[in-house]
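Enquirer: Provided below: target.cif, containing mmCIF, C-alpha atoms.
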data_my_file
loop_
_atom_site.label_atom_id
_atom_site.label_comp_id
_atom_site.auth_asym_id
_atom_site.auth_seq_id
_atom_site.Cartn_x
_atom_site.Cartn_y
_atom_site.Cartn_z
CA MET A 1 -4.98 -15.04 49.55
CA LYS A 2 -3.25 -12.10 47.89
CA LEU A 3 -3.97 -13.47 44.41
CA VAL A 4 -7.65 -14.08 45.17
CA GLY A 5 -7.86 -10.62 46.71
CA LYS A 6 -6.41 -9.03 43.58
CA LEU A 7 -9.01 -10.89 41.49
CA VAL A 8 -11.81 -9.51 43.64
CA GLY A 9 -10.45 -5.99 43.09
CA VAL A 10 -10.11 -6.46 39.33
CA PHE A 11 -13.65 -7.86 38.98
CA ARG A 12 -15.07 -5.10 41.19
CA VAL A 13 -13.46 -2.31 39.16
CA ALA A 14 -14.59 -3.96 35.91
CA ALA A 15 -18.14 -3.88 37.26
CA GLY A 16 -17.80 -0.16 38.02
CA LEU A 17 -18.22 -0.53 41.79
CA THR A 18 -16.38 1.03 44.71
CA GLN A 19 -15.44 -1.08 47.73
CA ALA A 20 -18.23 0.59 49.70
CA GLN A 21 -20.81 -0.14 46.99
CA LEU A 22 -19.74 -3.78 46.74
CA ALA A 23 -19.80 -4.18 50.53
CA ASP A 24 -23.32 -2.74 50.67
CA ARG A 25 -24.61 -5.11 47.97
CA VAL A 26 -23.26 -8.26 49.66
CA GLY A 27 -24.14 -7.17 53.21
CA HIS A 28 -20.59 -6.88 54.59
CA GLN A 29 -18.48 -4.12 56.12
CA VAL A 30 -16.34 -2.11 53.68
CA GLU A 31 -13.33 -2.99 55.87
CA THR A 32 -13.98 -6.67 55.10
CA ILE A 33 -13.88 -6.09 51.34
CA ALA A 34 -10.75 -3.95 51.67
CA SER A 35 -8.99 -6.61 53.77
CA ILE A 36 -9.87 -9.33 51.25
CA GLU A 37 -8.57 -7.29 48.33
CA GLN A 38 -5.33 -6.60 50.23
CA GLY A 39 -4.86 -10.31 50.95
CA ARG A 40 -5.12 -9.84 54.73
CA ARG A 41 -8.41 -11.73 55.04
CA ALA A 42 -9.44 -14.98 53.38
CA LEU A 43 -12.36 -14.96 50.95
CA LEU A 44 -14.83 -17.48 52.35
CA PRO A 45 -16.77 -19.82 50.02
CA GLY A 46 -20.18 -18.28 50.73
CA LEU A 47 -19.03 -14.75 49.93
CA ALA A 48 -17.14 -16.02 46.88
CA ARG A 49 -20.40 -17.42 45.48
CA GLN A 50 -22.17 -14.13 46.21
CA LEU A 51 -19.49 -12.14 44.42
CA ASP A 52 -19.44 -14.48 41.42
CA GLN A 53 -23.19 -14.01 40.98
CA LEU A 54 -23.11 -10.25 41.54
CA LEU A 55 -20.05 -9.59 39.36
CA ASP A 56 -20.96 -12.23 36.72
CA THR A 57 -17.55 -13.89 36.99
CA LYS A 58 -18.68 -17.41 36.00
CA LYS A 59 -17.60 -19.09 39.27
CA ALA A 60 -14.04 -17.77 38.96
CA LEU A 61 -13.80 -16.74 42.63
CA GLU A 62 -15.57 -19.83 43.96
CA THR A 63 -13.20 -22.03 41.95
CA ALA A 64 -10.16 -20.09 43.18
CA VAL A 65 -11.22 -20.49 46.83
CA GLU A 66 -11.94 -24.20 46.40
CA ASN A 67 -8.45 -24.77 45.00
CA MET A 68 -6.40 -22.68 47.40
CA PRO A 69 -3.44 -24.54 48.99
CA GLU A 70 -4.15 -25.96 52.44
CA ILE A 71 -1.74 -23.48 54.04
CA ASP A 72 -4.00 -20.65 52.86
CA LEU A 73 -7.21 -22.40 53.80
CA ILE A 74 -6.25 -22.68 57.49
CA PRO A 75 -7.15 -19.02 58.24
CA ALA A 76 -10.63 -19.48 56.73
CA TRP A 77 -12.01 -20.85 59.99
CA ALA A 78 -10.63 -17.85 61.86
CA GLU A 79 -12.06 -15.44 59.28
CA GLN A 80 -15.47 -17.08 59.53
CA TYR A 81 -15.32 -16.81 63.31
CA MET A 82 -14.37 -13.11 63.17
CA ASP A 83 -17.35 -12.36 60.92
CA LEU A 84 -19.61 -14.06 63.48
CA GLU A 85 -17.84 -12.31 66.36
CA HIS A 86 -18.49 -8.93 64.76
CA ALA A 87 -22.26 -9.35 65.00
CA ALA A 88 -22.51 -11.62 68.08
CA LEU A 89 -25.08 -10.90 70.75
CA ALA A 90 -22.96 -12.59 73.41
CA LEU A 91 -19.35 -13.76 73.78
CA SER A 92 -17.81 -15.98 76.46
CA TRP A 93 -14.01 -16.35 76.24
CA PHE A 94 -11.64 -18.53 78.28
CA GLU A 95 -7.85 -18.23 77.97
CA ASN A 96 -5.05 -19.82 79.99
CA GLN A 97 -1.85 -18.65 78.21
CA VAL A 98 -2.39 -15.20 76.74
CA LEU A 99 -4.78 -12.28 77.22
CA PRO A 100 -7.93 -12.56 75.05
CA GLY A 101 -7.38 -10.70 71.78
CA LEU A 102 -10.29 -8.32 72.39
CA LEU A 103 -8.57 -7.08 75.58
CA GLN A 104 -5.01 -6.69 74.27
CA THR A 105 -3.20 -3.38 73.90
CA LYS A 106 -1.26 -2.61 70.74
CA ASN A 107 2.09 -3.15 72.47
CA TYR A 108 0.95 -6.36 74.16
CA ALA A 109 -0.27 -7.72 70.81
CA ARG A 110 3.10 -6.84 69.26
CA ALA A 111 4.88 -8.73 72.05
CA VAL A 112 2.63 -11.76 71.46
CA PHE A 113 3.21 -11.82 67.70
CA ARG A 114 6.97 -11.42 68.16
CA THR A 115 7.07 -14.72 70.05
CA ASP A 116 5.80 -16.66 67.00
CA VAL A 117 8.02 -19.42 65.63
CA PRO A 118 8.97 -19.22 62.78
CA THR A 119 9.55 -15.50 63.24
CA LEU A 120 7.08 -13.16 61.54
CA SER A 121 8.24 -10.21 59.46
CA GLU A 122 7.62 -6.73 60.86
CA GLU A 123 5.14 -6.14 58.02
CA ASP A 124 3.16 -9.26 58.96
CA ILE A 125 3.22 -8.28 62.64
CA GLU A 126 1.88 -4.79 61.93
CA GLN A 127 -0.89 -6.20 59.71
CA ARG A 128 -1.96 -8.64 62.43
CA ILE A 129 -1.90 -5.91 65.08
CA ALA A 130 -4.10 -3.68 62.91
CA ALA A 131 -6.59 -6.51 62.38
CA ARG A 132 -6.67 -7.28 66.10
CA LEU A 133 -7.26 -3.67 67.12
CA GLU A 134 -9.99 -3.36 64.47
CA ARG A 135 -11.82 -6.30 66.05
CA GLN A 136 -11.84 -4.61 69.46
CA GLU A 137 -14.30 -2.01 68.21
CA ILE A 138 -17.13 -4.51 68.69
CA LEU A 139 -16.89 -4.00 72.48
CA LEU A 140 -17.84 -0.34 71.97
CA ARG A 141 -20.53 -0.77 69.34
CA LYS A 142 -24.16 0.19 69.97
CA PRO A 143 -25.74 -1.95 71.26
CA PRO A 144 -22.65 -3.69 72.70
CA PRO A 145 -22.45 -7.48 72.99
CA THR A 146 -22.72 -9.14 76.38
CA ALA A 147 -19.12 -10.26 76.87
CA SER A 148 -17.60 -12.48 79.55
CA PHE A 149 -13.85 -13.12 79.83
CA ILE A 150 -12.11 -15.61 82.12
CA PHE A 151 -8.34 -15.93 82.02
CA SER A 152 -5.56 -17.30 84.20
CA GLU A 153 -3.85 -15.16 86.82
CA ALA A 154 -0.58 -16.31 85.23
CA ILE A 155 -1.37 -14.06 82.26
CA LEU A 156 -1.38 -11.03 84.58
CA ILE A 157 1.92 -12.09 86.15
CA ASP A 158 3.82 -12.76 82.92
CA ARG A 159 5.65 -9.71 81.60
CA LEU A 160 5.41 -10.14 77.83
CA GLY A 161 7.13 -7.22 76.16
CA GLY A 162 8.73 -5.94 79.36
CA ASN A 163 7.67 -3.95 82.40
CA ASP A 164 6.17 -0.96 80.56
CA VAL A 165 4.02 -3.19 78.34
CA HIS A 166 2.97 -5.18 81.41
CA THR A 167 1.85 -2.07 83.31
CA GLU A 168 -0.01 -0.73 80.28
CA MET A 169 -1.76 -4.09 79.89
CA LEU A 170 -2.90 -4.13 83.54
CA GLN A 171 -4.22 -0.58 83.24
CA HIS A 172 -6.09 -1.43 80.05
CA VAL A 173 -7.72 -4.55 81.50
CA ARG A 174 -8.75 -2.55 84.56
CA ALA A 175 -10.30 0.13 82.32
CA CYS A 176 -12.13 -2.52 80.26
CA MET A 177 -13.90 -3.65 83.43
CA GLU A 178 -15.79 -0.35 83.38
CA ILE A 179 -17.21 -0.87 79.86
CA PRO A 180 -20.95 -1.70 80.05
CA GLY A 181 -21.75 -5.31 79.24
CA ILE A 182 -18.27 -6.66 79.97
CA ALA A 183 -17.50 -9.06 82.82
CA ILE A 184 -13.87 -9.99 83.51
CA GLN A 185 -12.89 -12.76 85.92
CA VAL A 186 -9.44 -14.09 86.79
CA MET A 187 -8.81 -17.77 87.45
CA PRO A 188 -6.50 -17.73 90.51
CA LEU A 189 -3.35 -19.79 90.72
CA GLY A 190 -3.13 -22.70 93.15
CA ARG A 191 -6.58 -24.19 92.57
CA ARG A 192 -7.24 -27.85 93.37
CA THR A 193 -9.88 -28.19 90.62
CA HIS A 194 -10.08 -26.57 87.20
CA ALA A 195 -12.65 -27.05 84.40
CA GLY A 196 -10.44 -25.53 81.70
CA LEU A 197 -7.46 -27.88 81.60
CA SER A 198 -8.25 -28.94 78.01
CA GLY A 199 -7.39 -25.45 76.75
CA PRO A 200 -8.91 -22.14 75.65
CA PHE A 201 -12.21 -21.74 73.81
CA ILE A 202 -14.81 -19.14 72.88
CA LEU A 203 -18.61 -19.37 72.92
CA LEU A 204 -20.84 -16.99 70.97
CA GLU A 205 -24.51 -16.37 70.27
CA THR A 206 -25.46 -15.03 66.83
CA PRO A 207 -28.23 -12.48 66.15
CA ASP A 208 -30.54 -15.36 65.16
CA HIS A 209 -29.72 -17.04 68.51
CA GLN A 210 -27.55 -19.82 67.10
CA ARG A 211 -24.98 -20.98 69.67
CA LEU A 212 -21.49 -21.73 68.37
CA ALA A 213 -18.03 -22.39 69.76
CA TYR A 214 -14.53 -21.71 68.46
CA THR A 215 -11.24 -23.34 69.44
CA GLU A 216 -7.65 -22.89 68.28
CA THR A 217 -4.72 -25.30 68.27
CA GLN A 218 -1.05 -24.87 67.42
CA ARG A 219 -1.63 -25.30 63.67
CA GLY A 220 -5.29 -24.63 63.03
CA SER A 221 -8.68 -23.72 64.38
CA GLN A 222 -12.21 -25.08 64.45
CA LEU A 223 -15.67 -23.55 64.40
CA ILE A 224 -18.06 -25.85 66.28
CA SER A 225 -21.79 -25.85 65.54
CA THR A 226 -22.88 -29.33 66.69
CA PRO A 227 -25.31 -28.70 69.60
CA ASP A 228 -23.93 -31.56 71.72
CA GLU A 229 -20.35 -30.29 71.41
CA VAL A 230 -21.33 -26.68 72.05
CA SER A 231 -23.28 -27.83 75.12
CA ILE A 232 -20.18 -29.50 76.58
CA LEU A 233 -18.20 -26.26 76.30
CA GLU A 234 -21.08 -24.23 77.71
CA ARG A 235 -21.11 -26.48 80.77
CA LYS A 236 -17.34 -26.11 81.10
CA TYR A 237 -17.67 -22.33 80.96
CA ALA A 238 -20.44 -22.34 83.57
CA MET A 239 -18.16 -24.30 85.90
CA LEU A 240 -15.22 -21.96 85.18
CA ARG A 241 -17.32 -18.96 86.25
CA THR A 242 -17.87 -20.57 89.65
CA GLN A 243 -14.15 -21.36 90.05
CA ALA A 244 -12.77 -17.98 89.00
CA LEU A 245 -12.65 -14.87 91.17
CA ASN A 246 -15.84 -12.83 90.87
CA THR A 247 -15.67 -9.43 89.16
CA GLU A 248 -15.22 -7.52 92.42
CA ALA A 249 -12.36 -9.76 93.58
CA THR A 250 -10.83 -9.50 90.09
CA ARG A 251 -11.00 -5.70 90.28
CA GLU A 252 -9.25 -5.80 93.67
CA LEU A 253 -6.54 -8.09 92.27
CA LEU A 254 -5.85 -5.71 89.38
CA ASP A 255 -5.74 -2.73 91.73
CA ARG A 256 -3.26 -4.58 93.94
CA LEU A 257 -1.05 -5.53 90.99
CA LEU A 258 -1.11 -1.95 89.71
CA GLY A 259 -0.23 -0.70 93.18
CA GLU A 260 2.85 -2.92 93.16
CA GLN A 261 4.16 -1.40 89.90
#
Can the structure in the file be given as structure tokens, please?
Expert:
Amino acid sequence: MKLVGKLVGVFRVAAGLTQAQLADRVGHQVETIASIEQGRRALLPGLARQLDQLLDTKKALETAVENMPEIDLIPAWAEQYMDLEHAALALSWFENQVLPGLLQTKNYARAVFRTDVPTLSEEDIEQRIAARLERQEILLRKPPPTASFIFSEAILIDRLGGNDVHTEMLQHVRACMEIPGIAIQVMPLGRRTHAGLSGPFILLETPDHQRLAYTETQRGSQLISTPDEVSILERKYAMLRTQALNTEATRELLDRLLGEQ
């Protein structure tokens, strides 16, 4: 990823373009181009073809992306999802182990990344935190997406990072409930039925009204576009919304937990 990013930078400079000018010509954010050139974001095949044509690089970038080692290709799904997430009209997110990334504080995110095995370097952790916080800006964009989050009560009880980080997290989630367009629901412990036992997933609607889903596993991730498969997850999410606490009860739960701090 770092090598491909350096190539993008070299070809861009040779063409006499700034990062902002290149981003404008390919229809992406300047932050995306900067992240690619720094090796923090994977260059996806579609953008590689665009850049090859624009910069007259004779398929050099497309060829480089096609021949990247598998270990570097794994993040490509996540990068593609994040590009879609940035422009999504609607997001529906279910989590059962960790707070959704768009709702995490900086210190909570650091605590999450420090649990990774094998251990990440401090440099890698800080880069991932910066990328995660950058993504959160979509909740405050104009117009904002319609965003629904459902997550397990266990996430609010766990104290990742210690008591101070836990309190800060609860306060942040409570504040996020006041952002227009955001609905947060907690799945209470002790339920007899649960539609999310197969694990976390995200649903999104693109500006052209395409419905997609995204799932992550221990060693990879998957962007799902098949209508039948997306429909199954949409039905799961609809059931989860009926099983979780409503937004008012969730607000009361957070207030109670904060009162116990």
Enquirer: Is there a way to get, as a count of residues only, all residues within 8 Å of the point (-12.4, -16.3, 89.3) in file coordinates, counting all atoms listed in the file?
Expert: 15
Enquirer: Please provide the set of residues having any atom within 12 Å of segment 214-217 of chain A, restricted to all atoms listed in the file, with same-chain residues fewer than 5 positions apart removed, written as a PyMOL selection string.
Expert: chain A and resi 74-75+77-82+84-85+91-95+198-205+222-226+229-230+233-234
Enquirer: Run the PyMOL selection byres ((chain A and resi 114-131) around 12) mentally over the shown coordinates, then write out the matched residues as a PyMOL selection string, using the chain letters and numbers from the document.
Expert: chain A and resi 31-32+34-36+38-41+79+82+98+101-102+104-113+132-137+160-161+218-219
Enquirer: Identify the residues within 12 Å of coordinate (2.6, -12.8, 82.5) (same frame as the file), considering all atoms listed in the file, and give the answer as a ChimeraX atom specification.
Expert: /A:96-99,108,111-112,151-163,165-167,169-170,257
Enquirer: With only C-alpha atoms as the atoms that count, which of A:Ile33, A:Ala42, A:Leu55, A:Leu189 lies nearest to Ala14 of chain A?
Expert: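 Result for the nearest residue to Ala14 of chain A: A:Leu55.
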Enquirer: Report, as JSON, the centre and edge lengths in Å (one decimal) of the axis-aligned box enclosing every listed atom of segment 124-136 of chain A, padded by 6 Å on each side.
Expert:
{"center_x": -4.3, "center_y": -6.3, "center_z": 64.2, "size_x": 27.1, "size_y": 17.9, "size_z": 22.5}
Enquirer: Can you list, as a list in words, every protein, DNA or RNA residue that comes within 12 Å of Ala175 of chain A when you count all atoms listed in the file, leaving out same-chain residues fewer than 6 positions away?
Expert: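 The contact residues come out as Leu103, Gln104, Thr105, Glu168, Met169, Ile182, Ala183, Ile184, Arg251, Leu254, Asp255 and Leu258 of chain A.
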Enquirer: Nearest to Asp24 of chain A among A:Glu248, A:Arg192, A:Leu54, A:Gly46, with distances taken over all atoms listed in the file: which residue is it?
Expert: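 The shortest atom-to-atom distance to Asp24 of chain A comes from A:Leu54.
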Enquirer: Hey, what comes out of the PyMOL selection byres ((chain A and resi 87) around 8) on this file? Could you write it as a PDB file with C-alpha atoms, keeping the file's coordinate frame?
Expert:
ATOM      1  CA  ASP A  83     -17.350 -12.360  60.920  1.00  0.00           C
ATOM      2  CA  LEU A  84     -19.610 -14.060  63.480  1.00  0.00           C
ATOM      3  CA  GLU A  85     -17.840 -12.310  66.360  1.00  0.00           C
ATOM      4  CA  HIS A  86     -18.490  -8.930  64.760  1.00  0.00           C
ATOM      5  CA  ALA A  88     -22.510 -11.620  68.080  1.00  0.00           C
ATOM      6  CA  LEU A  89     -25.080 -10.900  70.750  1.00  0.00           C
ATOM      7  CA  ILE A 138     -17.130  -4.510  68.690  1.00  0.00           C
ATOM      8  CA  THR A 206     -25.460 -15.030  66.830  1.00  0.00           C
ATOM      9  CA  PRO A 207     -28.230 -12.480  66.150  1.00  0.00           C
TER      10      PRO A 207
END
Enquirer: Which value, in Å to one decimal, gives the distance between atom CA of Arg256 of chain A and atom CA of Gly190 of chain A?
Expert: 18.1 Å
Enquirer: Residues within 12 Å of Ala60 of chain A, please, as a list in words. Count all atoms listed in the file; anything in the same chain fewer than 3 positions from it doesn't count.
Expert: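 The contact residues come out as Val4, Leu7, Val8, Val10, Phe11, Pro45, Ala48, Arg49, Gln50, Leu51, Asp52, Gln53, Leu55, Asp56, Thr57, Thr63, Ala64, Val65, Glu66 and Asn67 of chain A.
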Enquirer: For a test of reading the model, state the distance in Å between atom CA of Lys236 of chain A and atom CA of His172 of chain A, rounded to one decimal.
Expert: 27.1 Å
Enquirer: Excluding Gln21 of chain A and its own-chain neighbours fewer than 5 positions away, which residues fall within 10 Å of it when counting only C-alpha atoms? Please give them as a list in words.
Expert: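 Residues near the query, excluding close chain neighbours: Arg12, Gly16, Val26, Gly27 and Val30 of chain A.
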Enquirer: Could you check which of A:Pro145, A:Pro227, A:Gly196, A:Gly220 is closest to Gly181 of chain A, using all atoms listed in the file?
Expert: A:Pro145
Enquirer: Quick check, in Å to one decimal: how far apart do atom CA of Gly259 of chain A and atom CA of Thr146 of chain A lie?
Expert: 29.3 Å
Enquirer: Please determine, counting all atoms listed in the file, which residue among A:His209, A:Met177, A:Ala15, A:Ile232 has the shortest atom-to-atom distance to Ala195 of chain A.
Expert: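 The answer is A:Ile232, which sits nearest to Ala195 of chain A.
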Enquirer: Taking into account only C-alpha atoms, which residue in the set A:Leu3, A:Ala90, A:Ala20, A:Met239 is nearest to Asp208 of chain A?
Expert: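 Ranking A:Leu3, A:Ala90, A:Ala20, A:Met239 by distance to Asp208 of chain A, first place goes to A:Ala90.
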